[in-house]
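Just run-v4.cif here, mmCIF, C-alpha atoms and all ligand atoms:
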data_start
#
loop_
_atom_site.group_PDB
_atom_site.id
_atom_site.type_symbol
_atom_site.label_atom_id
_atom_site.label_comp_id
_atom_site.auth_asym_id
_atom_site.auth_seq_id
_atom_site.Cartn_x
_atom_site.Cartn_y
_atom_site.Cartn_z
ATOM 1 C CA MET D 1202 0.000 0.000 0.000
ATOM 2 C CA GLU D 1203 1.417 3.409 -0.924
ATOM 3 C CA LYS D 1204 2.324 5.791 1.855
ATOM 4 C CA ILE D 1205 1.185 9.408 2.054
ATOM 5 C CA SER D 1206 3.789 11.742 3.513
ATOM 6 C CA VAL D 1207 2.334 14.383 5.859
ATOM 7 C CA LEU D 1208 3.937 17.844 5.957
ATOM 8 C CA ASP D 1209 2.691 19.988 8.811
ATOM 9 C CA THR D 1210 2.818 23.738 8.212
ATOM 10 C CA THR D 1211 1.220 24.926 11.471
ATOM 11 C CA LEU D 1212 4.398 26.823 12.348
ATOM 12 C CA ARG D 1213 4.817 28.397 8.907
ATOM 13 C CA ASP D 1214 1.459 29.015 7.187
ATOM 14 C CA GLY D 1215 -0.372 28.856 10.541
ATOM 15 C CA ALA D 1216 1.943 31.059 12.565
ATOM 16 C CA GLN D 1217 1.566 34.009 10.205
ATOM 17 C CA ILE D 1218 -2.131 34.610 10.850
ATOM 18 C CA PRO D 1219 -3.404 37.649 12.791
ATOM 19 C CA GLY D 1220 -3.715 36.977 16.515
ATOM 20 C CA PHE D 1221 -1.350 33.987 16.537
ATOM 21 C CA LYS D 1222 0.778 34.129 19.671
ATOM 22 C CA MET D 1223 3.148 31.436 20.825
ATOM 23 C CA SER D 1224 6.430 31.732 22.673
ATOM 24 C CA LEU D 1225 9.535 29.964 21.410
ATOM 25 C CA ASP D 1226 9.192 27.338 24.155
ATOM 26 C CA GLU D 1227 5.566 26.722 23.199
ATOM 27 C CA LYS D 1228 6.529 26.351 19.530
ATOM 28 C CA LEU D 1229 9.173 23.831 20.560
ATOM 29 C CA ASP D 1230 6.541 21.920 22.539
ATOM 30 C CA LEU D 1231 4.222 21.975 19.531
ATOM 31 C CA ALA D 1232 7.042 20.605 17.366
ATOM 32 C CA ARG D 1233 7.605 17.831 19.922
ATOM 33 C CA GLY D 1234 3.868 17.135 19.761
ATOM 34 C CA LEU D 1235 4.105 16.920 15.962
ATOM 35 C CA LYS D 1236 6.908 14.403 16.385
ATOM 36 C CA ALA D 1237 4.703 12.384 18.771
ATOM 37 C CA LEU D 1238 1.929 12.600 16.159
ATOM 38 C CA ASN D 1239 4.537 11.139 13.776
ATOM 39 C CA VAL D 1240 4.257 13.660 10.931
ATOM 40 C CA ASP D 1241 6.831 13.117 8.202
ATOM 41 C CA VAL D 1242 7.833 16.771 7.788
ATOM 42 C CA ILE D 1243 7.661 19.750 10.152
ATOM 43 C CA GLU D 1244 7.752 23.034 8.260
ATOM 44 C CA ALA D 1245 9.133 25.138 11.085
ATOM 45 C CA GLY D 1246 9.044 28.674 9.678
ATOM 46 C CA ILE D 1247 10.695 31.218 7.374
ATOM 47 C CA PRO D 1248 14.186 31.794 8.830
ATOM 48 C CA ALA D 1249 14.899 34.981 6.867
ATOM 49 C CA GLN D 1250 11.631 36.619 7.939
ATOM 50 C CA SER D 1251 12.665 37.600 11.496
ATOM 51 C CA ASP D 1252 15.092 36.717 14.298
ATOM 52 C CA ASP D 1253 12.174 35.001 16.044
ATOM 53 C CA GLN D 1254 11.505 32.736 13.090
ATOM 54 C CA PHE D 1255 15.219 32.064 12.590
ATOM 55 C CA ASN D 1256 15.555 30.983 16.221
ATOM 56 C CA THR D 1257 12.392 28.876 16.074
ATOM 57 C CA VAL D 1258 13.630 26.963 13.026
ATOM 58 C CA ARG D 1259 17.167 26.644 14.494
ATOM 59 C CA ARG D 1260 15.965 25.299 17.865
ATOM 60 C CA ILE D 1261 13.485 22.855 16.290
ATOM 61 C CA ALA D 1262 16.223 21.672 13.895
ATOM 62 C CA GLU D 1263 18.591 21.134 16.828
ATOM 63 C CA GLU D 1264 16.155 19.667 19.342
ATOM 64 C CA VAL D 1265 13.448 17.753 17.484
ATOM 65 C CA ASP D 1266 14.928 14.617 16.047
ATOM 66 C CA GLY D 1267 13.047 12.259 13.758
ATOM 67 C CA PRO D 1268 10.894 14.132 11.253
ATOM 68 C CA ILE D 1269 12.333 16.050 8.311
ATOM 69 C CA ILE D 1270 12.643 19.721 9.343
ATOM 70 C CA ALA D 1271 11.817 22.123 6.508
ATOM 71 C CA GLY D 1272 12.610 25.822 6.304
ATOM 72 C CA PHE D 1273 10.713 28.006 3.869
ATOM 73 C CA ALA D 1274 12.642 30.623 1.870
ATOM 74 C CA TRP D 1275 11.750 33.333 -0.591
ATOM 75 C CA PRO D 1276 13.456 32.717 -3.944
ATOM 76 C CA ARG D 1277 16.538 34.821 -3.154
ATOM 77 C CA GLU D 1278 20.050 33.523 -2.525
ATOM 78 C CA GLU D 1279 20.441 35.418 0.763
ATOM 79 C CA ASP D 1280 17.154 34.025 2.114
ATOM 80 C CA ILE D 1281 18.077 30.482 1.102
ATOM 81 C CA ALA D 1282 21.518 30.913 2.717
ATOM 82 C CA THR D 1283 19.812 32.034 5.959
ATOM 83 C CA CYS D 1284 17.595 28.954 5.727
ATOM 84 C CA TYR D 1285 20.722 26.757 5.529
ATOM 85 C CA LYS D 1286 22.138 28.373 8.656
ATOM 86 C CA ALA D 1287 18.929 27.813 10.611
ATOM 87 C CA LEU D 1288 18.674 24.167 9.513
ATOM 88 C CA LYS D 1289 22.295 23.232 10.172
ATOM 89 C CA GLY D 1290 21.465 21.202 13.284
ATOM 90 C CA ALA D 1291 18.741 19.105 11.654
ATOM 91 C CA GLY D 1292 19.222 15.375 11.117
ATOM 92 C CA LYS D 1293 17.047 15.552 8.005
ATOM 93 C CA PRO D 1294 16.894 19.150 6.672
ATOM 94 C CA ARG D 1295 14.804 20.320 3.735
ATOM 95 C CA VAL D 1296 14.893 23.668 1.945
ATOM 96 C CA HIS D 1297 11.539 24.746 0.528
ATOM 97 C CA THR D 1298 11.376 27.599 -1.955
ATOM 98 C CA PHE D 1299 8.900 28.791 -4.559
ATOM 99 C CA LEU D 1300 8.108 30.886 -7.593
ATOM 100 C CA ALA D 1301 4.668 32.038 -8.656
ATOM 101 C CA THR D 1302 3.532 30.473 -11.931
ATOM 102 C CA SER D 1303 0.117 32.014 -12.609
ATOM 103 C CA PRO D 1304 0.006 34.706 -15.318
ATOM 104 C CA TYR D 1305 -1.133 37.373 -12.844
ATOM 105 C CA LEU D 1306 1.481 36.683 -10.155
ATOM 106 C CA MET D 1307 4.407 36.034 -12.503
ATOM 107 C CA ASN D 1308 4.017 39.604 -13.594
ATOM 108 C CA LYS D 1309 3.018 41.161 -10.267
ATOM 109 C CA MET D 1310 5.353 39.322 -7.907
ATOM 110 C CA HIS D 1311 8.375 38.610 -10.091
ATOM 111 C CA LYS D 1312 8.020 41.114 -12.940
ATOM 112 C CA ARG D 1313 9.403 38.542 -15.326
ATOM 113 C CA SER D 1314 8.269 36.859 -18.517
ATOM 114 C CA PRO D 1315 7.662 33.079 -18.401
ATOM 115 C CA SER D 1316 11.007 32.333 -20.081
ATOM 116 C CA GLU D 1317 12.890 34.642 -17.700
ATOM 117 C CA LEU D 1318 11.180 32.927 -14.793
ATOM 118 C CA LEU D 1319 12.302 29.480 -15.982
ATOM 119 C CA LYS D 1320 15.876 30.768 -16.002
ATOM 120 C CA LEU D 1321 15.487 32.161 -12.489
ATOM 121 C CA ALA D 1322 14.020 28.841 -11.331
ATOM 122 C CA GLU D 1323 17.084 27.000 -12.586
ATOM 123 C CA GLU D 1324 19.443 29.413 -10.777
ATOM 124 C CA ILE D 1325 17.472 29.308 -7.539
ATOM 125 C CA ILE D 1326 17.272 25.517 -7.429
ATOM 126 C CA ASP D 1327 20.951 25.207 -8.414
ATOM 127 C CA PHE D 1328 21.760 27.374 -5.416
ATOM 128 C CA SER D 1329 19.297 25.533 -3.154
ATOM 129 C CA THR D 1330 20.838 22.143 -3.938
ATOM 130 C CA SER D 1331 24.399 23.308 -3.261
ATOM 131 C CA MET D 1332 24.265 21.839 0.264
ATOM 132 C CA GLU D 1333 23.026 18.562 -1.206
ATOM 133 C CA TRP D 1334 20.012 18.658 1.063
ATOM 134 C CA GLU D 1335 16.519 17.763 -0.010
ATOM 135 C CA VAL D 1336 14.868 20.614 -1.935
ATOM 136 C CA GLN D 1337 11.142 21.224 -2.328
ATOM 137 C CA PHE D 1338 9.783 23.621 -4.914
ATOM 138 C CA THR D 1339 6.316 25.160 -4.853
ATOM 139 C CA ALA D 1340 4.696 26.558 -7.990
ATOM 140 C CA PHE D 1341 2.821 29.267 -6.128
ATOM 141 C CA ASP D 1342 -0.772 29.825 -7.359
ATOM 142 C CA GLY D 1343 -0.339 26.530 -9.226
ATOM 143 C CA SER D 1344 -4.069 25.859 -9.590
ATOM 144 C CA ARG D 1345 -4.460 29.080 -11.591
ATOM 145 C CA SER D 1346 -1.445 28.420 -13.801
ATOM 146 C CA ASP D 1347 -1.357 27.138 -17.372
ATOM 147 C CA PRO D 1348 -0.785 23.365 -16.989
ATOM 148 C CA VAL D 1349 1.647 23.341 -19.928
ATOM 149 C CA PHE D 1350 3.763 26.075 -18.328
ATOM 150 C CA LEU D 1351 3.432 24.382 -14.939
ATOM 151 C CA CYS D 1352 4.979 21.223 -16.414
ATOM 152 C CA GLU D 1353 7.774 23.264 -18.006
ATOM 153 C CA MET D 1354 8.518 24.925 -14.678
ATOM 154 C CA LEU D 1355 8.474 21.650 -12.741
ATOM 155 C CA ASP D 1356 10.633 19.935 -15.389
ATOM 156 C CA THR D 1357 13.139 22.780 -14.980
ATOM 157 C CA VAL D 1358 13.346 22.540 -11.183
ATOM 158 C CA ILE D 1359 13.456 18.718 -11.248
ATOM 159 C CA GLU D 1360 16.317 18.877 -13.753
ATOM 160 C CA ALA D 1361 18.079 21.299 -11.368
ATOM 161 C CA GLY D 1362 17.678 18.889 -8.436
ATOM 162 C CA ALA D 1363 14.340 19.479 -6.669
ATOM 163 C CA THR D 1364 12.793 16.164 -5.603
ATOM 164 C CA ILE D 1365 9.493 17.346 -4.125
ATOM 165 C CA VAL D 1366 7.274 19.528 -6.303
ATOM 166 C CA ASN D 1367 4.254 21.136 -4.755
ATOM 167 C CA ILE D 1368 1.117 22.134 -6.662
ATOM 168 C CA PRO D 1369 -0.800 24.474 -4.368
ATOM 169 C CA ASP D 1370 -4.278 25.897 -4.551
ATOM 170 C CA SER D 1371 -2.856 29.035 -2.953
ATOM 171 C CA ALA D 1372 -5.978 31.164 -3.203
ATOM 172 C CA GLY D 1373 -8.426 28.397 -2.228
ATOM 173 C CA TYR D 1374 -10.075 28.754 -5.635
ATOM 174 C CA SER D 1375 -10.118 25.262 -7.110
ATOM 175 C CA THR D 1376 -12.750 22.542 -6.787
ATOM 176 C CA PRO D 1377 -12.082 18.830 -6.182
ATOM 177 C CA LEU D 1378 -12.621 17.349 -9.660
ATOM 178 C CA GLU D 1379 -10.844 20.263 -11.297
ATOM 179 C CA PHE D 1380 -7.894 20.146 -8.906
ATOM 180 C CA GLY D 1381 -7.553 16.368 -9.198
ATOM 181 C CA ARG D 1382 -7.539 16.669 -12.973
ATOM 182 C CA LEU D 1383 -4.756 19.269 -12.821
ATOM 183 C CA VAL D 1384 -2.593 17.170 -10.487
ATOM 184 C CA ARG D 1385 -3.012 14.105 -12.704
ATOM 185 C CA LYS D 1386 -2.315 16.051 -15.879
ATOM 186 C CA VAL D 1387 0.838 17.635 -14.467
ATOM 187 C CA GLY D 1388 2.060 14.347 -12.976
ATOM 188 C CA LYS D 1389 1.678 12.630 -16.336
ATOM 189 C CA GLY D 1390 3.160 15.564 -18.233
ATOM 190 C CA LEU D 1391 6.495 15.612 -16.401
ATOM 191 C CA LYS D 1392 9.530 14.424 -18.369
ATOM 192 C CA GLU D 1393 11.066 12.704 -15.361
ATOM 193 C CA ASN D 1394 8.879 11.721 -12.455
ATOM 194 C CA SER D 1395 10.334 8.499 -11.119
ATOM 195 C CA ASN D 1396 12.256 10.062 -8.214
ATOM 196 C CA VAL D 1397 9.913 12.959 -7.705
ATOM 197 C CA MET D 1398 7.173 13.321 -5.128
ATOM 198 C CA ILE D 1399 4.167 15.453 -6.011
ATOM 199 C CA SER D 1400 2.786 17.458 -3.124
ATOM 200 C CA VAL D 1401 -0.456 19.402 -2.694
ATOM 201 C CA HIS D 1402 -1.125 22.422 -0.477
ATOM 202 C CA CYS D 1403 -4.697 23.668 -0.344
ATOM 203 C CA HIS D 1404 -6.493 26.605 1.222
ATOM 204 C CA ASN D 1405 -9.988 26.607 2.628
ATOM 205 C CA ASP D 1406 -11.496 29.825 1.225
ATOM 206 C CA LEU D 1407 -14.419 27.868 -0.258
ATOM 207 C CA GLY D 1408 -14.385 25.186 2.440
ATOM 208 C CA LEU D 1409 -12.782 22.749 -0.007
ATOM 209 C CA ALA D 1410 -9.220 22.370 1.292
ATOM 210 C CA VAL D 1411 -9.640 18.827 2.633
ATOM 211 C CA ALA D 1412 -11.727 17.730 -0.370
ATOM 212 C CA ASN D 1413 -9.189 19.183 -2.807
ATOM 213 C CA THR D 1414 -6.317 17.511 -0.963
ATOM 214 C CA LEU D 1415 -8.106 14.156 -1.091
ATOM 215 C CA ALA D 1416 -8.681 14.681 -4.819
ATOM 216 C CA GLY D 1417 -4.959 15.406 -5.144
ATOM 217 C CA ILE D 1418 -4.136 12.086 -3.480
ATOM 218 C CA GLU D 1419 -6.473 10.227 -5.831
ATOM 219 C CA ALA D 1420 -4.661 11.931 -8.706
ATOM 220 C CA GLY D 1421 -1.244 10.728 -7.547
ATOM 221 C CA ALA D 1422 0.032 13.275 -4.984
ATOM 222 C CA ARG D 1423 2.079 11.517 -2.288
ATOM 223 C CA GLN D 1424 2.783 14.445 0.045
ATOM 224 C CA VAL D 1425 0.011 16.466 1.664
ATOM 225 C CA GLU D 1426 0.497 19.791 3.390
ATOM 226 C CA CYS D 1427 -1.787 20.584 6.296
ATOM 227 C CA SER D 1428 -1.946 22.212 9.715
ATOM 228 C CA VAL D 1429 -3.305 21.407 13.152
ATOM 229 C CA ASN D 1430 -6.877 22.744 13.462
ATOM 230 C CA GLY D 1431 -6.501 23.870 9.834
ATOM 231 C CA ILE D 1432 -4.972 27.188 10.865
ATOM 232 C CA GLY D 1433 -3.382 29.225 8.090
ATOM 233 C CA ASP D 1434 -3.727 32.224 5.843
ATOM 234 C CA ARG D 1435 -7.292 33.655 5.467
ATOM 235 C CA ALA D 1436 -9.758 30.735 5.880
ATOM 236 C CA GLY D 1437 -6.897 28.399 6.731
ATOM 237 C CA ASN D 1438 -5.182 25.348 5.308
ATOM 238 C CA THR D 1439 -6.157 21.725 4.957
ATOM 239 C CA SER D 1440 -6.972 20.558 8.471
ATOM 240 C CA LEU D 1441 -4.520 17.803 9.483
ATOM 241 C CA GLU D 1442 -6.996 15.999 11.740
ATOM 242 C CA GLU D 1443 -9.830 16.007 9.182
ATOM 243 C CA LEU D 1444 -7.565 14.800 6.388
ATOM 244 C CA VAL D 1445 -5.902 12.093 8.484
ATOM 245 C CA MET D 1446 -9.195 10.806 9.896
ATOM 246 C CA ALA D 1447 -10.694 10.731 6.383
ATOM 247 C CA LEU D 1448 -7.757 8.649 5.162
ATOM 248 C CA LYS D 1449 -7.831 6.370 8.235
ATOM 249 C CA SER D 1450 -11.621 5.972 8.394
ATOM 250 C CA ARG D 1451 -11.925 5.412 4.656
ATOM 251 C CA LYS D 1452 -8.838 3.326 4.061
ATOM 252 C CA ASP D 1453 -11.193 0.909 2.282
ATOM 253 C CA TYR D 1454 -11.741 3.586 -0.363
ATOM 254 C CA TYR D 1455 -8.439 5.509 -0.564
ATOM 255 C CA ASP D 1456 -6.216 2.437 -0.214
ATOM 256 C CA VAL D 1457 -3.217 4.416 1.047
ATOM 257 C CA GLU D 1458 -1.218 4.354 4.276
ATOM 258 C CA VAL D 1459 -0.881 7.395 6.517
ATOM 259 C CA ASP D 1460 1.506 6.900 9.393
ATOM 260 C CA ILE D 1461 -0.013 9.204 12.010
ATOM 261 C CA HIS D 1462 -0.491 8.311 15.681
ATOM 262 C CA THR D 1463 -4.108 9.462 15.857
ATOM 263 C CA GLN D 1464 -4.322 9.318 19.676
ATOM 264 C CA GLU D 1465 -2.073 12.407 19.694
ATOM 265 C CA ILE D 1466 -4.550 14.442 17.594
ATOM 266 C CA PHE D 1467 -6.747 15.771 20.372
ATOM 267 C CA PRO D 1468 -3.974 16.650 22.867
ATOM 268 C CA LEU D 1469 -2.120 18.585 20.161
ATOM 269 C CA SER D 1470 -5.251 20.368 18.897
ATOM 270 C CA ASP D 1471 -6.063 21.316 22.489
ATOM 271 C CA TYR D 1472 -2.507 22.520 23.150
ATOM 272 C CA LEU D 1473 -2.611 24.716 20.047
ATOM 273 C CA CYS D 1474 -5.969 26.238 21.100
ATOM 274 C CA ARG D 1475 -4.694 27.011 24.584
ATOM 275 C CA THR D 1476 -1.355 28.517 23.563
ATOM 276 C CA SER D 1477 -1.903 30.206 20.178
ATOM 277 C CA GLY D 1478 -4.958 32.317 20.966
ATOM 278 C CA ILE D 1479 -6.700 30.830 17.911
ATOM 279 C CA ALA D 1480 -9.969 29.159 18.934
ATOM 280 C CA ILE D 1481 -11.946 26.549 17.014
ATOM 281 C CA HIS D 1482 -15.726 26.241 16.812
ATOM 282 C CA SER D 1483 -17.638 23.653 18.829
ATOM 283 C CA TYR D 1484 -18.731 21.615 15.791
ATOM 284 C CA LYS D 1485 -15.313 21.586 14.098
ATOM 285 C CA PRO D 1486 -14.969 18.078 12.614
ATOM 286 C CA VAL D 1487 -12.876 15.620 14.644
ATOM 287 C CA VAL D 1488 -11.733 18.000 17.408
ATOM 288 C CA GLY D 1489 -14.733 20.263 18.198
ATOM 289 C CA ILE D 1490 -16.262 19.858 21.679
ATOM 290 C CA ASN D 1491 -19.646 18.750 20.308
ATOM 291 C CA VAL D 1492 -18.602 16.182 17.742
ATOM 292 C CA PHE D 1493 -19.267 13.187 19.955
ATOM 293 C CA GLU D 1494 -22.656 14.499 21.108
ATOM 294 C CA ASP D 1495 -25.744 13.054 19.492
ATOM 295 C CA SER D 1496 -28.699 15.288 20.295
ATOM 296 C CA ILE D 1497 -31.158 14.020 17.705
ATOM 297 C CA GLY D 1498 -32.313 11.199 19.948
ATOM 298 C CA ILE D 1499 -32.302 8.292 17.513
ATOM 299 C CA HIS D 1500 -29.120 6.861 18.947
ATOM 300 C CA GLN D 1501 -29.585 7.937 22.539
ATOM 301 C CA GLY D 1502 -30.167 5.047 24.839
ATOM 302 C CA GLU D 1503 -28.187 2.686 22.636
ATOM 303 C CA SER D 1504 -25.293 0.879 24.172
ATOM 304 C CA SER D 1505 -21.964 2.596 23.561
ATOM 305 C CA ASN D 1506 -21.237 -0.251 21.208
ATOM 306 C CA GLY D 1507 -24.310 0.587 19.144
ATOM 307 C CA HIS D 1508 -23.331 4.216 19.072
ATOM 308 C CA GLN D 1509 -19.896 3.331 17.809
ATOM 309 C CA LYS D 1510 -21.450 1.451 14.919
ATOM 310 C CA TYR D 1511 -23.212 4.635 13.850
ATOM 311 C CA THR D 1512 -20.461 7.226 14.347
ATOM 312 C CA VAL D 1513 -17.295 7.336 12.298
ATOM 313 C CA MET D 1514 -14.841 7.619 15.186
ATOM 314 C CA THR D 1515 -14.486 7.381 18.928
ATOM 315 C CA HIS D 1516 -12.935 9.504 21.689
ATOM 316 C CA GLU D 1517 -10.173 6.943 22.101
ATOM 317 C CA ILE D 1518 -8.995 7.032 18.481
ATOM 318 C CA ILE D 1519 -8.181 10.739 18.634
ATOM 319 C CA GLY D 1520 -6.951 10.663 22.244
ATOM 320 C CA ARG D 1521 -9.784 12.677 23.754
ATOM 321 C CA PRO D 1522 -10.603 11.933 27.399
ATOM 322 C CA LYS D 1523 -14.296 11.242 28.059
ATOM 323 C CA GLY D 1524 -16.383 13.560 30.202
ATOM 324 C CA VAL D 1525 -13.925 16.446 30.270
ATOM 325 C CA ASN D 1526 -15.330 19.901 29.817
ATOM 326 C CA TYR D 1527 -13.473 21.803 27.143
ATOM 327 C CA VAL D 1528 -15.851 24.765 26.941
ATOM 328 C CA ALA D 1529 -13.002 27.102 27.872
ATOM 329 C CA ARG D 1530 -11.585 26.573 24.392
HETATM 330 MN MN MN H 1 -0.369 28.542 2.040
#

Starting from the file, lay out its structure as structure tokens.
Amino acid sequence: MEKISVLDTTLRDGAQIPGFKMSLDEKLDLARGLKALNVDVIEAGIPAQSDDQFNTVRRIAEEVDGPIIAGFAWPREEDIATCYKALKGAGKPRVHTFLATSPYLMNKMHKRSPSELLKLAEEIIDFSTSMEWEVQFTAFDGSRSDPVFLCEMLDTVIEAGATIVNIPDSAGYSTPLEFGRLVRKVGKGLKENSNVMISVHCHNDLGLAVANTLAGIEAGARQVECSVNGIGDRAGNTSLEELVMALKSRKDYYDVEVDIHTQEIFPLSDYLCRTSGIAIHSYKPVVGINVFEDSIGIHQGESSNGHQKYTVMTHEIIGRPKGVNYVAR
């Protein structure tokens, strides 16, 4: 059975949202929680963005052993060099950089023509691979890019040494069938894809982040990017707990392996709520306080065994203690 690699971006995409507050020690604890959850990759921050972020990435790289530790860098040599410095202590470091590939952003963000951008991509990835660490490339705004150009861009970065290529729905604009079709088309269109992992990173502006990510998996993506409680830019990212529980609960359908210790889901979700200042609503799938309450009556009075036959998951699976009042969240 094929394995899906889980990249958690709570500390990168999540940490940039308004109102997010966590001390360095709390971020380290969250990273340790992510290790206990057994995520494959912890994206720890953007080292060149601030001293705070540099120190967060450096300490996680030095102190959290096991998962791959990724640092995110703007496509500039000095930012990538700062990323190297922050990741030096990591057992398994990864540099993650990007270029925008949609017609609008290529012009607005990079002020370059498509052919100039391909040249820049080659230079940036050449520089990024100089440490011989794993390099991930994101084609920012990928879902609104021309698929033919997207393939050209990904062929260029793969040729230059990137081994993980991420197709994001950066604006949360795509829909599941459409996004799945794009991922499949791009995967098939690449010149060399045998040693390359396709990743997807979705946003929840239309409430479709988890659905789009699942469609990406069905279309061949083998890395998924998500965050605890789905926190992230605007309406958030793909929610880690919803995605993982969909893959676990519907293994019969998806037929893929996801190596997450689900009993750590609730403690980590709760820790993030208590420390970050970012609350979740009571009916949030998987981790909301009400999701194990059945008020309709049909199943009340059944044995707990009968109830379990009706509901998709139990307290125990996600590590939630029974009878504890979490209203304070
Ligand atoms: Mn994002």

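Here atom CA of D:Thr1211 stands at a distance of 10.9 Å from atom CA of D:Ser1470.
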
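The residues returned by the PyMOL selection byres (((chain D and resi 1344-1354) around 6) and not hetatm) on the shown structure are Thr1302, Ser1303, Asp1342, Gly1343, Leu1355, Asp1356, Thr1357, Asp1370, Val1387 and Leu1391 of chain D.
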
Site check for ligand MN 1 (chain H): residues at most 8 Å away, all atoms listed in the file, as a VMD selection string: chain D and resid 1214 1369 1371 1402 to 1404 1433 to 1434 1438

Surrounding residues of D:Leu1300 excluding itself and chain neighbours under 2 positions, 7 Å, all atoms listed in the file, as a ChimeraX atom specification: /D:1276,1302,1339-1341

Residues returned when the PyMOL selection byres (((chain D and resi 1325) around 9) and not hetatm) runs on this file, as a list in words: Pro1276, Arg1277, Glu1278, Ile1281, Thr1298, Lys1320, Leu1321, Ala1322, Glu1323, Glu1324, Ile1326, Asp1327, Phe1328, Ser1329, Thr1330, Val1358 and Ala1361 of chain D

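Considering all atoms listed in the file, the residue among D:Ser1314, D:Asn1405, D:Thr1515, D:Ser1206 positioned nearest to D:Glu1426 is D:Ser1206.
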
Which residue of D:Lys1449, D:Met1332, D:Gln1254, D:Ala1420 approaches D:Lys1389 most closely, using only C-alpha atoms: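 Answer, going by the shortest atom-to-atom distance: D:Ala1420.
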
Surrounding residues of D:Leu1212 excluding itself and chain neighbours under 2 positions, 7 Å, only C-alpha atoms, as an NGL selection string: :D and (1210 or 1214-1216 or 1244-1246)

Answer key for the PyMOL selection byres (((chain D and resi 1450) around 12) and not hetatm), residues as a list in words: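 That selection, the PyMOL selection byres (((chain D and resi 1450) around 12) and not hetatm), comes back as Glu1442, Glu1443, Leu1444, Val1445, Met1446, Ala1447, Leu1448, Lys1449, Arg1451, Lys1452, Asp1453, Tyr1454, Tyr1455, Asp1456, Val1457, Glu1458, Val1459, Thr1463, Val1487, Thr1512, Val1513, Met1514, Thr1515, Ile1518 and Ile1519 of chain D.
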
For D:Arg1423, the nearest of the candidates D:Leu1306, D:Gly1388, D:Gly1408, D:Lys1286, counting all atoms listed in the file: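 Once distances to D:Arg1423 are computed over all atoms listed in the file, the minimum belongs to D:Gly1388.
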
Model the absent atoms of stretch 1383-1387 of chain D so that all heavy atoms are present, and write the result as a CSV table (one decimal), in the coordinates of the input.
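Writing the result to part06.csv gives the following:
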chain,number,residue,atom,x,y,z
D,1383,LEU,N,-6.0,18.5,-12.6
D,1383,LEU,CA,-4.8,19.3,-12.8
D,1383,LEU,C,-3.6,18.5,-12.3
D,1383,LEU,O,-2.5,18.3,-13.0
D,1383,LEU,CB,-4.8,20.6,-12.1
D,1383,LEU,CG,-3.5,21.4,-12.1
D,1383,LEU,CD1,-3.3,22.0,-13.6
D,1383,LEU,CD2,-3.6,22.6,-11.1
D,1384,VAL,N,-3.7,17.9,-11.1
D,1384,VAL,CA,-2.6,17.2,-10.5
D,1384,VAL,C,-2.2,16.0,-11.4
D,1384,VAL,O,-1.1,15.7,-11.6
D,1384,VAL,CB,-2.9,16.7,-9.0
D,1384,VAL,CG1,-1.9,15.8,-8.5
D,1384,VAL,CG2,-3.1,18.0,-8.1
D,1385,ARG,N,-3.3,15.3,-11.9
D,1385,ARG,CA,-3.0,14.1,-12.7
D,1385,ARG,C,-2.3,14.5,-14.0
D,1385,ARG,O,-1.4,13.9,-14.5
D,1385,ARG,CB,-4.3,13.4,-13.0
D,1385,ARG,CG,-4.2,12.0,-13.6
D,1385,ARG,CD,-5.5,11.3,-13.8
D,1385,ARG,NE,-6.2,11.1,-12.6
D,1385,ARG,CZ,-6.0,10.1,-11.7
D,1385,ARG,NH1,-5.1,9.2,-11.9
D,1385,ARG,NH2,-6.8,10.0,-10.6
D,1386,LYS,N,-2.8,15.6,-14.6
D,1386,LYS,CA,-2.3,16.1,-15.9
D,1386,LYS,C,-0.8,16.4,-15.7
D,1386,LYS,O,0.0,16.1,-16.6
D,1386,LYS,CB,-3.1,17.3,-16.3
D,1386,LYS,CG,-2.8,17.7,-17.7
D,1386,LYS,CD,-3.9,18.7,-18.2
D,1386,LYS,CE,-3.6,19.1,-19.7
D,1386,LYS,NZ,-4.6,20.0,-20.2
D,1387,VAL,N,-0.5,17.2,-14.7
D,1387,VAL,CA,0.8,17.6,-14.5
D,1387,VAL,C,1.7,16.4,-14.2
D,1387,VAL,O,2.8,16.3,-14.7
D,1387,VAL,CB,0.9,18.7,-13.4
D,1387,VAL,CG1,2.3,19.0,-13.0
D,1387,VAL,CG2,0.2,20.0,-13.8
